[in-house]
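Student: Structure file target.cif, mmCIF, C-alpha atoms, is pasted below:
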data_protein
#
loop_
_atom_site.label_atom_id
_atom_site.label_comp_id
_atom_site.auth_asym_id
_atom_site.auth_seq_id
_atom_site.Cartn_x
_atom_site.Cartn_y
_atom_site.Cartn_z
CA MET A 1 0.00 0.00 0.00
CA ASN A 2 1.30 3.46 -0.92
CA GLN A 3 2.35 5.22 2.29
CA GLU A 4 0.98 8.54 1.06
CA THR A 5 -2.52 7.11 0.70
CA ALA A 6 -2.40 5.68 4.24
CA THR A 7 -1.01 8.72 6.06
CA TRP A 8 -2.93 11.12 8.28
CA ASN A 9 -2.32 14.69 7.09
CA ARG A 10 -3.70 18.18 7.59
CA THR A 11 -6.43 17.65 5.02
CA ASN A 12 -7.94 14.42 6.29
CA LEU A 13 -7.44 15.36 9.96
CA LYS A 14 -9.88 18.28 9.73
CA ASP A 15 -12.64 15.81 10.58
CA PRO A 16 -11.32 12.23 10.50
CA HIS A 17 -14.71 10.77 11.47
CA LYS A 18 -16.29 11.82 8.16
CA LEU A 19 -13.72 10.19 5.90
CA PRO A 20 -15.20 7.42 3.72
CA ASP A 21 -11.95 5.42 4.00
CA LYS A 22 -11.38 5.98 7.72
CA ARG A 23 -11.54 2.21 8.39
CA ARG A 24 -8.62 1.56 6.01
CA LEU A 25 -6.50 4.39 7.40
CA VAL A 26 -7.05 3.29 10.99
CA ARG A 27 -6.24 -0.36 10.24
CA VAL A 28 -2.98 0.52 8.47
CA MET A 29 -2.05 2.93 11.25
CA PHE A 30 -2.53 0.44 14.10
CA SER A 31 -0.80 -2.36 12.22
CA ALA A 32 2.22 -0.09 11.76
CA ILE A 33 2.54 0.94 15.44
CA ALA A 34 1.55 -2.41 17.00
CA HIS A 35 5.10 -3.19 18.14
CA ARG A 36 5.26 -0.03 20.29
CA TYR A 37 1.56 0.33 21.14
CA ASP A 38 1.68 -0.97 24.74
CA LEU A 39 4.81 0.97 25.65
CA LEU A 40 3.34 4.22 24.36
CA ASN A 41 0.06 3.62 26.16
CA HIS A 42 1.89 3.34 29.47
CA ILE A 43 4.20 6.31 28.84
CA LEU A 44 1.67 8.75 27.42
CA SER A 45 -0.96 7.95 30.09
CA LEU A 46 1.63 7.97 32.91
CA ASN A 47 0.68 4.32 33.44
CA MET A 48 -2.91 5.26 34.31
CA ASP A 49 -4.23 3.13 31.45
CA ARG A 50 -3.88 0.07 33.70
CA SER A 51 -6.22 1.53 36.33
CA TRP A 52 -8.72 2.58 33.65
CA ARG A 53 -8.95 -1.00 32.40
CA ARG A 54 -9.33 -2.32 35.93
CA ARG A 55 -12.20 0.13 36.44
CA ALA A 56 -13.84 -1.07 33.23
CA VAL A 57 -13.78 -4.65 34.53
CA GLU A 58 -15.22 -3.51 37.86
CA LEU A 59 -18.07 -1.76 36.04
CA ALA A 60 -18.71 -4.88 33.94
CA GLN A 61 -19.21 -6.93 37.14
CA PRO A 62 -18.20 -10.28 35.56
CA LYS A 63 -19.61 -13.39 37.19
CA PRO A 64 -18.75 -17.11 36.93
CA ASP A 65 -19.88 -18.83 33.72
CA GLN A 66 -20.55 -15.56 31.91
CA ALA A 67 -19.24 -14.75 28.42
CA VAL A 68 -17.39 -11.52 27.59
CA LEU A 69 -16.78 -9.92 24.18
CA ASP A 70 -14.05 -7.27 23.90
CA LEU A 71 -14.33 -5.29 20.66
CA CYS A 72 -11.36 -3.35 19.27
CA CYS A 73 -9.33 -5.43 21.70
CA GLY A 74 -5.95 -4.36 20.31
CA THR A 75 -3.11 -6.15 22.10
CA GLY A 76 -5.53 -7.87 24.48
CA ASP A 77 -4.94 -6.08 27.78
CA LEU A 78 -8.61 -5.67 28.69
CA ALA A 79 -9.53 -9.25 27.73
CA LEU A 80 -6.63 -10.57 29.82
CA GLN A 81 -7.67 -8.33 32.72
CA PHE A 82 -11.10 -10.00 32.66
CA ALA A 83 -9.43 -13.43 32.79
CA ARG A 84 -7.31 -12.41 35.78
CA THR A 85 -10.23 -10.82 37.64
CA GLU A 86 -12.75 -13.62 37.10
CA PRO A 87 -11.03 -16.86 36.03
CA ARG A 88 -14.37 -18.71 36.14
CA LEU A 89 -15.76 -16.94 33.07
CA SER A 90 -16.97 -19.42 30.45
CA LYS A 91 -15.29 -17.64 27.53
CA ILE A 92 -13.72 -14.37 26.43
CA VAL A 93 -13.63 -13.27 22.80
CA GLY A 94 -11.32 -10.48 21.64
CA VAL A 95 -12.08 -8.90 18.25
CA ASP A 96 -9.81 -6.55 16.32
CA PHE A 97 -9.28 -5.87 12.63
CA SER A 98 -5.49 -5.62 12.93
CA GLU A 99 -3.80 -9.02 12.75
CA GLU A 100 -0.56 -7.43 13.96
CA MET A 101 -2.24 -6.28 17.17
CA LEU A 102 -3.85 -9.68 17.70
CA GLU A 103 -0.54 -11.49 17.28
CA ILE A 104 0.84 -9.43 20.17
CA ALA A 105 -2.24 -10.35 22.22
CA ARG A 106 -1.63 -14.05 21.56
CA ASN A 107 2.06 -13.79 22.43
CA LYS A 108 1.27 -11.83 25.58
CA GLN A 109 -1.18 -14.50 26.67
CA ARG A 110 1.29 -17.31 26.04
CA LYS A 111 4.00 -15.55 28.06
CA LYS A 112 1.73 -14.73 31.00
CA GLN A 113 -0.17 -18.01 31.11
CA PRO A 114 1.58 -20.83 29.22
CA LEU A 115 -1.38 -23.13 29.60
CA LYS A 116 -3.02 -25.78 27.47
CA GLN A 117 -3.61 -24.87 23.83
CA LEU A 118 -7.06 -25.63 22.46
CA SER A 119 -6.55 -24.65 18.82
CA ASN A 120 -8.43 -27.70 17.53
CA GLN A 121 -11.63 -27.01 19.44
CA PRO A 122 -14.53 -25.69 17.36
CA PHE A 123 -15.86 -22.19 17.83
CA LYS A 124 -18.95 -20.67 16.24
CA GLN A 125 -17.94 -18.27 13.51
CA SER A 126 -18.51 -17.75 9.82
CA GLU A 127 -16.93 -19.79 7.07
CA ASN A 128 -13.94 -18.26 5.28
CA GLN A 129 -12.65 -17.05 8.65
CA PRO A 130 -8.90 -16.45 8.90
CA LYS A 131 -7.25 -19.09 11.04
CA ASN A 132 -7.48 -18.10 14.70
CA GLN A 133 -6.11 -19.53 17.88
CA THR A 134 -8.00 -20.55 21.00
CA CYS A 135 -6.37 -20.86 24.41
CA ARG A 136 -7.46 -21.78 27.91
CA TYR A 137 -6.53 -19.20 30.52
CA ASN A 138 -7.16 -21.07 33.79
CA HIS A 139 -10.87 -21.62 33.14
CA PRO A 140 -11.97 -19.06 30.52
CA ILE A 141 -11.43 -19.92 26.88
CA ILE A 142 -9.97 -16.87 25.12
CA LYS A 143 -10.57 -16.55 21.40
CA TRP A 144 -8.93 -13.87 19.23
CA LEU A 145 -10.83 -12.99 16.03
CA CYS A 146 -9.56 -10.74 13.25
CA GLU A 147 -12.84 -9.06 12.32
CA ASP A 148 -14.50 -5.65 11.97
CA ALA A 149 -16.32 -4.63 15.16
CA GLU A 150 -19.18 -3.24 13.07
CA ASN A 151 -19.94 -6.66 11.58
CA VAL A 152 -18.93 -9.51 13.88
CA PRO A 153 -19.69 -12.96 12.38
CA LEU A 154 -21.10 -14.43 15.59
CA PRO A 155 -24.69 -15.27 16.57
CA GLY A 156 -26.62 -12.64 18.49
CA GLU A 157 -27.44 -12.59 22.20
CA GLN A 158 -24.56 -14.81 23.38
CA PHE A 159 -22.53 -12.41 25.55
CA ASP A 160 -23.26 -11.18 29.07
CA CYS A 161 -20.90 -8.25 28.62
CA VAL A 162 -19.54 -6.37 25.61
CA THR A 163 -16.64 -3.96 26.08
CA CYS A 164 -14.77 -1.50 23.90
CA ALA A 165 -11.75 0.31 25.35
CA PHE A 166 -10.53 3.37 23.42
CA GLY A 167 -11.73 1.89 20.17
CA ILE A 168 -15.23 3.17 19.48
CA ARG A 169 -13.77 6.48 18.29
CA ASN A 170 -11.82 4.62 15.60
CA LEU A 171 -14.78 2.89 13.97
CA GLN A 172 -16.14 3.91 10.59
CA ASN A 173 -19.79 4.13 11.65
CA LEU A 174 -20.51 4.68 15.34
CA GLN A 175 -24.23 3.96 15.19
CA THR A 176 -23.70 0.74 13.23
CA ALA A 177 -21.19 -0.41 15.85
CA LEU A 178 -23.55 0.38 18.74
CA ARG A 179 -26.36 -1.60 17.09
CA GLU A 180 -23.96 -4.52 16.61
CA MET A 181 -23.04 -4.39 20.29
CA PHE A 182 -26.73 -4.44 21.17
CA ARG A 183 -27.29 -7.45 18.89
CA LEU A 184 -24.48 -9.47 20.45
CA LEU A 185 -25.54 -8.85 24.06
CA LYS A 186 -27.90 -11.15 25.89
CA PRO A 187 -31.06 -9.55 27.34
CA ARG A 188 -30.04 -7.61 30.46
CA GLY A 189 -26.44 -7.77 29.26
CA ARG A 190 -24.04 -4.92 29.98
CA LEU A 191 -22.06 -2.66 27.65
CA VAL A 192 -18.90 -0.99 28.99
CA ILE A 193 -17.02 1.60 26.94
CA LEU A 194 -13.84 3.50 27.76
CA GLU A 195 -13.04 6.49 25.59
CA PHE A 196 -10.91 9.62 25.68
CA ALA A 197 -12.60 13.01 26.00
CA MET A 198 -11.73 16.64 26.51
CA PRO A 199 -11.88 17.81 30.16
CA ARG A 200 -14.92 19.94 31.00
CA ASN A 201 -12.90 22.47 33.01
CA HIS A 202 -11.89 25.22 30.55
CA LEU A 203 -8.40 25.81 31.95
CA LEU A 204 -7.64 22.12 32.19
CA SER A 205 -9.05 21.60 28.71
CA ALA A 206 -6.75 24.29 27.28
CA LEU A 207 -3.69 22.79 28.96
CA TYR A 208 -4.66 19.29 27.89
CA GLU A 209 -5.18 20.42 24.30
CA CYS A 210 -1.64 21.88 24.24
CA TYR A 211 -0.24 18.56 25.49
CA PHE A 212 -2.46 16.66 23.09
CA LYS A 213 -1.54 18.65 19.97
CA LEU A 214 2.12 19.47 20.67
CA VAL A 215 3.79 17.10 23.12
CA LEU A 216 1.97 13.82 22.44
CA PRO A 217 2.45 13.75 18.62
CA CYS A 218 6.17 14.45 18.90
CA LEU A 219 6.80 11.98 21.70
CA GLY A 220 4.61 9.29 20.16
CA SER A 221 6.20 9.61 16.73
CA ILE A 222 9.75 9.44 18.11
CA ILE A 223 9.16 6.35 20.28
CA SER A 224 7.09 4.44 17.74
CA ASN A 225 8.95 5.59 14.61
CA ASP A 226 5.46 6.30 13.30
CA LYS A 227 5.31 7.23 9.60
CA TYR A 228 1.52 7.18 9.30
CA GLY A 229 0.55 10.06 11.58
CA ALA A 230 -1.01 7.91 14.33
CA TYR A 231 -0.19 10.41 17.05
CA ARG A 232 -1.42 13.33 14.98
CA TYR A 233 -4.66 11.41 14.45
CA LEU A 234 -5.21 10.73 18.17
CA PRO A 235 -5.82 14.33 19.37
CA HIS A 236 -7.86 15.29 16.31
CA SER A 237 -10.03 12.19 16.61
CA VAL A 238 -10.75 12.93 20.28
CA ILE A 239 -11.47 16.65 19.84
CA SER A 240 -13.89 16.06 16.95
CA PHE A 241 -15.61 13.02 18.52
CA PRO A 242 -19.09 13.38 20.15
CA ASN A 243 -18.95 14.56 23.77
CA ALA A 244 -20.40 12.65 26.73
CA HIS A 245 -23.91 14.06 26.31
CA LYS A 246 -24.06 13.25 22.60
CA LEU A 247 -22.58 9.79 23.16
CA LYS A 248 -25.25 9.02 25.72
CA GLN A 249 -27.94 10.02 23.22
CA LEU A 250 -26.43 7.83 20.50
CA ILE A 251 -26.23 4.84 22.85
CA LYS A 252 -29.89 5.27 23.82
CA GLN A 253 -30.82 5.53 20.13
CA ALA A 254 -29.28 2.08 19.70
CA ASN A 255 -31.94 0.81 22.19
CA PHE A 256 -29.72 0.65 25.26
CA SER A 257 -31.09 1.80 28.59
CA THR A 258 -29.74 2.83 31.98
CA VAL A 259 -26.82 4.73 30.46
CA ARG A 260 -24.34 5.84 33.13
CA ILE A 261 -21.14 7.82 32.66
CA GLU A 262 -18.18 8.12 35.00
CA TYR A 263 -15.64 10.86 34.41
CA LEU A 264 -12.19 9.40 35.13
CA CYS A 265 -8.98 11.38 35.55
CA ARG A 266 -10.85 14.72 35.71
CA GLY A 267 -12.80 13.99 32.55
CA VAL A 268 -9.92 12.87 30.34
CA VAL A 269 -11.52 9.41 30.12
CA LEU A 270 -15.20 8.48 29.96
CA ALA A 271 -16.32 5.17 31.43
CA ILE A 272 -19.76 4.45 29.97
CA VAL A 273 -22.05 1.66 31.17
CA ALA A 274 -25.30 0.77 29.42
CA GLU A 275 -27.67 -2.15 29.74
CA LYS A 276 -29.91 -3.97 27.32
CA ASN A 277 -33.65 -3.99 27.96
CA ILE A 278 -33.67 -2.44 31.42
CA TYR A 279 -35.84 0.63 31.27
CA THR A 280 -34.93 3.15 33.94
CA ASP A 281 -33.90 6.77 33.66
CA SER A 282 -30.33 7.43 32.56
CA GLN A 283 -27.97 8.77 35.18
CA ILE A 284 -24.56 10.37 35.17
CA TYR A 285 -22.05 9.70 37.92
CA HIS A 286 -18.99 11.86 38.42
CA GLN A 287 -15.57 10.79 39.59
#
When written as structure tokens, how does the structure in this file appear?

Tutor:
Amino acid sequence: MNQETATWNRTNLKDPHKLPDKRRLVRVMFSAIAHRYDLLNHILSLNMDRSWRRRAVELAQPKPDQAVLDLCCGTGDLALQFARTEPRLSKIVGVDFSEEMLEIARNKQRKKQPLKQLSNQPFKQSENQPKNQTCRYNHPIIKWLCEDAENVPLPGEQFDCVTCAFGIRNLQNLQTALREMFRLLKPRGRLVILEFAMPRNHLLSALYECYFKLVLPCLGSIISNDKYGAYRYLPHSVISFPNAHKLKQLIKQANFSTVRIEYLCRGVVLAIVAEKNIYTDSQIYHQ
């Protein structure tokens, strides 16, 4: 693929969420930075990304024999956090459209838990699937699927919890993705989303925007040797993404109910929890 056609630049960063080929650009970008993705997450978040994922698992409230689906799973940190927190889960499925990211997830799992391989066991998915690997992590079976989160080739209503950590902003069509999450959840299932946002405090927002637009792109590009503009894309994609209020409306339009939002790290991260087919008024919690 021509690098020029897969690079984020001033023109396509004006509003990256309206680009018709956003999906392609994002896939190429993440595949290129996969080898440095975890390191940069820890450095640029001052290691707070670990606590954000732990909070997401707490909000999901996983229970024994439940099934969890992690969309836009990247290098697998959230899926593996579920396995550590509740080893009696029946299965965990991680979905991402970057094979390079998924390969890191598989390697990470093998290094942390070198347990029995179950690659020959069947798993419900569509024909013509790329070859995927299944592993047992204590009790949960973890399956990594290279698929688009907007069109997951799995039967509906089979997961007790669907999560998406810092990935919903990268999808081509937000409303399509939310409807797909709703389809995959069991009745009374729980959706948990983590996503970056701009702080609501004006002074903090101005300072954060300076860090976001000036410091982060330079530091990220140097450490990752990024040639595709991934760390120029990040701030622009956050600033132009729907805010908490709009996100809550979009989630409710996808038929979710009981939408709750926690503001983590003074509003830099949103932790969103929604439930399927539980009809009570939406609430917002602040942290």

Student: So which residues touch A:Phe30 within 8 Å, counting only C-alpha atoms, skipping near sequence neighbours fewer than 2 positions away, as a ChimeraX atom specification?

Tutor: /A:26-28,32-34,98,101,230

Student: Give me, please, the distance in Å between atom CA of A:Ile92 and atom CA of A:Leu171, quoted to one decimal.

Tutor: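 Separation of atom CA of A:Ile92 and atom CA of A:Leu171: 21.3 Å.
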
Student: Leaving out A:Ala274 and any residue of its chain fewer than 3 positions from it, which residues lie within 6 Å of it when counting all atoms listed in the file, given as a list of chain:residue names?

Tutor: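 Using all atoms listed in the file, the neighbours found are A:Arg190, A:Leu191, A:Ser257, A:Thr258, A:Val259.
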
Student: From the options A:Thr75, A:Asn47, A:Ser224, A:Gln158, which residue's atoms come nearest to A:Glu100, counting only C-alpha atoms?

Tutor: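 With only C-alpha atoms as the atom set, the closest residue is A:Thr75.
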
Student: Given the point (4.6, 12.6, 25.8) in the coordinates of this file, which residues lie within 12 Å, counting all atoms listed in the file, and how would they look as number ranges by chain?

Tutor: A: 39-47, 208, 210-224, 231

Student: For the provided coordinates, the residues matched by the PyMOL selection byres ((chain A and resi 58) around 12) should be stated as number ranges by chain.

Tutor: A: 51-57, 59-63, 78, 81-82, 85-86, 161, 163, 190, 192, 271, 273

Student: Next, dump the selected residues to file, keeping only C-alpha atoms, as a PDB file, in the frame of the given file.

Tutor:
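Once written, out_28.pdb looks like this:
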ATOM      1  CA  SER A  51      -6.220   1.530  36.330  1.00  0.00           C
ATOM      2  CA  TRP A  52      -8.720   2.580  33.650  1.00  0.00           C
ATOM      3  CA  ARG A  53      -8.950  -1.000  32.400  1.00  0.00           C
ATOM      4  CA  ARG A  54      -9.330  -2.320  35.930  1.00  0.00           C
ATOM      5  CA  ARG A  55     -12.200   0.130  36.440  1.00  0.00           C
ATOM      6  CA  ALA A  56     -13.840  -1.070  33.230  1.00  0.00           C
ATOM      7  CA  VAL A  57     -13.780  -4.650  34.530  1.00  0.00           C
ATOM      8  CA  LEU A  59     -18.070  -1.760  36.040  1.00  0.00           C
ATOM      9  CA  ALA A  60     -18.710  -4.880  33.940  1.00  0.00           C
ATOM     10  CA  GLN A  61     -19.210  -6.930  37.140  1.00  0.00           C
ATOM     11  CA  PRO A  62     -18.200 -10.280  35.560  1.00  0.00           C
ATOM     12  CA  LYS A  63     -19.610 -13.390  37.190  1.00  0.00           C
ATOM     13  CA  LEU A  78      -8.610  -5.670  28.690  1.00  0.00           C
ATOM     14  CA  GLN A  81      -7.670  -8.330  32.720  1.00  0.00           C
ATOM     15  CA  PHE A  82     -11.100 -10.000  32.660  1.00  0.00           C
ATOM     16  CA  THR A  85     -10.230 -10.820  37.640  1.00  0.00           C
ATOM     17  CA  GLU A  86     -12.750 -13.620  37.100  1.00  0.00           C
ATOM     18  CA  CYS A 161     -20.900  -8.250  28.620  1.00  0.00           C
ATOM     19  CA  THR A 163     -16.640  -3.960  26.080  1.00  0.00           C
ATOM     20  CA  ARG A 190     -24.040  -4.920  29.980  1.00  0.00           C
ATOM     21  CA  VAL A 192     -18.900  -0.990  28.990  1.00  0.00           C
ATOM     22  CA  ALA A 271     -16.320   5.170  31.430  1.00  0.00           C
ATOM     23  CA  VAL A 273     -22.050   1.660  31.170  1.00  0.00           C
TER      24      VAL A 273
END

Student: Quick check, in Å to one decimal: how far apart do atom CA of A:Glu180 and atom CA of A:Leu250 lie?

Tutor: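 The value is 13.2 Å.
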
Student: Nearest residue to A:Arg50 out of A:Leu80, A:Leu89, A:Ala177, A:Ile168, using only C-alpha atoms?

Tutor: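 Comparing A:Leu80, A:Leu89, A:Ala177, A:Ile168 against A:Arg50, the winner is A:Leu80.
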
Student: Apply the PyMOL selection byres ((chain A and resi 104) around 10) to the structure shown and report the selected residues as a VMD selection string.

Tutor: chain A and resid 34 to 35 37 to 38 74 to 76 99 to 103 105 to 110

Student: Write a file of the selected residues as a short mmCIF file (atom, residue, chain, number, x, y, z; two decimals), keeping the file's coordinate frame, keeping C-alpha atoms.

Tutor:
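File result.cif, as written:
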data_model
loop_
_atom_site.label_atom_id
_atom_site.label_comp_id
_atom_site.auth_asym_id
_atom_site.auth_seq_id
_atom_site.Cartn_x
_atom_site.Cartn_y
_atom_site.Cartn_z
CA ALA A 34 1.55 -2.41 17.00
CA HIS A 35 5.10 -3.19 18.14
CA TYR A 37 1.56 0.33 21.14
CA ASP A 38 1.68 -0.97 24.74
CA GLY A 74 -5.95 -4.36 20.31
CA THR A 75 -3.11 -6.15 22.10
CA GLY A 76 -5.53 -7.87 24.48
CA GLU A 99 -3.80 -9.02 12.75
CA GLU A 100 -0.56 -7.43 13.96
CA MET A 101 -2.24 -6.28 17.17
CA LEU A 102 -3.85 -9.68 17.70
CA GLU A 103 -0.54 -11.49 17.28
CA ALA A 105 -2.24 -10.35 22.22
CA ARG A 106 -1.63 -14.05 21.56
CA ASN A 107 2.06 -13.79 22.43
CA LYS A 108 1.27 -11.83 25.58
CA GLN A 109 -1.18 -14.50 26.67
CA ARG A 110 1.29 -17.31 26.04
#

Student: Enter the distance from atom CA of A:Arg188 to atom CA of A:Asn277, in Å, rounded to one decimal.

Tutor: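 For atom CA of A:Arg188 relative to atom CA of A:Asn277, the distance reads 5.7 Å.
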
Student: Here is a test: counting all atoms listed in the file, which residue of A:Val95, A:Leu13, A:Ile239, A:Ala83 is nearest to A:Lys112?

Tutor: A:Ala83

Student: Every residue with an atom at most 8 Å from (-5.2, 12.5, 11.9) (file coordinates; only C-alpha atoms) is what I'm after, so could you write them as a list in words?

Tutor: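 Nearby residues: Trp8, Asn9, Arg10, Asn12, Leu13, Lys14, Pro16, Gly229, Ala230, Tyr231, Arg232, Tyr233, Leu234, Pro235, His236 and Ser237 of chain A.
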
Student: Given all atoms listed in the file as the basis, pick out the residue of A:Ser31, A:Asn255, A:Asn173, A:Asn151 nearest to A:Pro187.

Tutor: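 Smallest separation from A:Pro187 among the options: A:Asn255.
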
Student: Have stretch 57-66 of chain A completed to all heavy atoms, please, and pass it along as an mmCIF file, in the frame of the given file.

Tutor:
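This went into out-v5.cif:
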data_model
loop_
_atom_site.group_PDB
_atom_site.id
_atom_site.type_symbol
_atom_site.label_atom_id
_atom_site.label_comp_id
_atom_site.auth_asym_id
_atom_site.auth_seq_id
_atom_site.Cartn_x
_atom_site.Cartn_y
_atom_site.Cartn_z
ATOM 1 N N VAL A 57 -13.403 -3.309 34.097
ATOM 2 C CA VAL A 57 -13.780 -4.650 34.530
ATOM 3 C C VAL A 57 -14.674 -4.586 35.763
ATOM 4 O O VAL A 57 -15.656 -5.330 35.874
ATOM 5 C CB VAL A 57 -12.526 -5.507 34.804
ATOM 6 C CG1 VAL A 57 -12.910 -6.868 35.384
ATOM 7 C CG2 VAL A 57 -11.726 -5.697 33.519
ATOM 8 N N GLU A 58 -14.364 -3.681 36.680
ATOM 9 C CA GLU A 58 -15.220 -3.510 37.860
ATOM 10 C C GLU A 58 -16.636 -3.119 37.455
ATOM 11 O O GLU A 58 -17.623 -3.627 37.987
ATOM 12 C CB GLU A 58 -14.634 -2.437 38.780
ATOM 13 C CG GLU A 58 -13.366 -2.844 39.507
ATOM 14 C CD GLU A 58 -12.760 -1.678 40.279
ATOM 15 O OE1 GLU A 58 -13.308 -0.553 40.197
ATOM 16 O OE2 GLU A 58 -11.732 -1.883 40.945
ATOM 17 N N LEU A 59 -16.749 -2.207 36.493
ATOM 18 C CA LEU A 59 -18.070 -1.760 36.040
ATOM 19 C C LEU A 59 -18.815 -2.870 35.307
ATOM 20 O O LEU A 59 -20.041 -2.937 35.329
ATOM 21 C CB LEU A 59 -17.921 -0.543 35.127
ATOM 22 C CG LEU A 59 -17.449 0.745 35.809
ATOM 23 C CD1 LEU A 59 -17.101 1.804 34.762
ATOM 24 C CD2 LEU A 59 -18.522 1.274 36.755
ATOM 25 N N ALA A 60 -18.079 -3.760 34.647
ATOM 26 C CA ALA A 60 -18.710 -4.880 33.940
ATOM 27 C C ALA A 60 -19.292 -5.911 34.901
ATOM 28 O O ALA A 60 -20.210 -6.649 34.550
ATOM 29 C CB ALA A 60 -17.689 -5.544 33.020
ATOM 30 N N GLN A 61 -18.742 -5.995 36.117
ATOM 31 C CA GLN A 61 -19.210 -6.930 37.140
ATOM 32 C C GLN A 61 -19.294 -8.366 36.609
ATOM 33 O O GLN A 61 -20.349 -9.008 36.648
ATOM 34 C CB GLN A 61 -20.575 -6.494 37.680
ATOM 35 C CG GLN A 61 -20.558 -5.128 38.336
ATOM 36 C CD GLN A 61 -21.937 -4.697 38.834
ATOM 37 O OE1 GLN A 61 -22.906 -5.459 38.779
ATOM 38 N NE2 GLN A 61 -22.025 -3.467 39.307
ATOM 39 N N PRO A 62 -18.172 -8.905 36.105
ATOM 40 C CA PRO A 62 -18.200 -10.280 35.560
ATOM 41 C C PRO A 62 -18.482 -11.312 36.640
ATOM 42 O O PRO A 62 -18.028 -11.179 37.782
ATOM 43 C CB PRO A 62 -16.787 -10.446 34.996
ATOM 44 C CG PRO A 62 -15.941 -9.509 35.800
ATOM 45 C CD PRO A 62 -16.823 -8.323 36.093
ATOM 46 N N LYS A 63 -19.230 -12.320 36.249
ATOM 47 C CA LYS A 63 -19.610 -13.390 37.190
ATOM 48 C C LYS A 63 -19.237 -14.747 36.583
ATOM 49 O O LYS A 63 -19.090 -14.879 35.372
ATOM 50 C CB LYS A 63 -21.109 -13.323 37.479
ATOM 51 C CG LYS A 63 -21.529 -12.055 38.211
ATOM 52 C CD LYS A 63 -23.023 -12.004 38.404
ATOM 53 C CE LYS A 63 -23.451 -10.765 39.209
ATOM 54 N NZ LYS A 63 -23.027 -9.507 38.544
ATOM 55 N N PRO A 64 -19.095 -15.773 37.436
ATOM 56 C CA PRO A 64 -18.750 -17.110 36.930
ATOM 57 C C PRO A 64 -19.709 -17.569 35.835
ATOM 58 O O PRO A 64 -20.909 -17.290 35.886
ATOM 59 C CB PRO A 64 -18.866 -17.997 38.180
ATOM 60 C CG PRO A 64 -18.582 -17.071 39.320
ATOM 61 C CD PRO A 64 -19.184 -15.756 38.921
ATOM 62 N N ASP A 65 -19.143 -18.238 34.831
ATOM 63 C CA ASP A 65 -19.880 -18.830 33.720
ATOM 64 C C ASP A 65 -20.464 -17.813 32.742
ATOM 65 O O ASP A 65 -21.218 -18.182 31.843
ATOM 66 C CB ASP A 65 -20.998 -19.758 34.218
ATOM 67 C CG ASP A 65 -20.449 -20.918 35.031
ATOM 68 O OD1 ASP A 65 -19.404 -21.470 34.627
ATOM 69 O OD2 ASP A 65 -21.036 -21.259 36.074
ATOM 70 N N GLN A 66 -20.113 -16.549 32.887
ATOM 71 C CA GLN A 66 -20.550 -15.560 31.910
ATOM 72 C C GLN A 66 -19.577 -15.509 30.734
ATOM 73 O O GLN A 66 -18.445 -15.972 30.812
ATOM 74 C CB GLN A 66 -20.668 -14.174 32.557
ATOM 75 C CG GLN A 66 -21.855 -14.046 33.495
ATOM 76 C CD GLN A 66 -22.074 -12.621 33.950
ATOM 77 O OE1 GLN A 66 -21.162 -11.781 33.942
ATOM 78 N NE2 GLN A 66 -23.295 -12.328 34.369
#
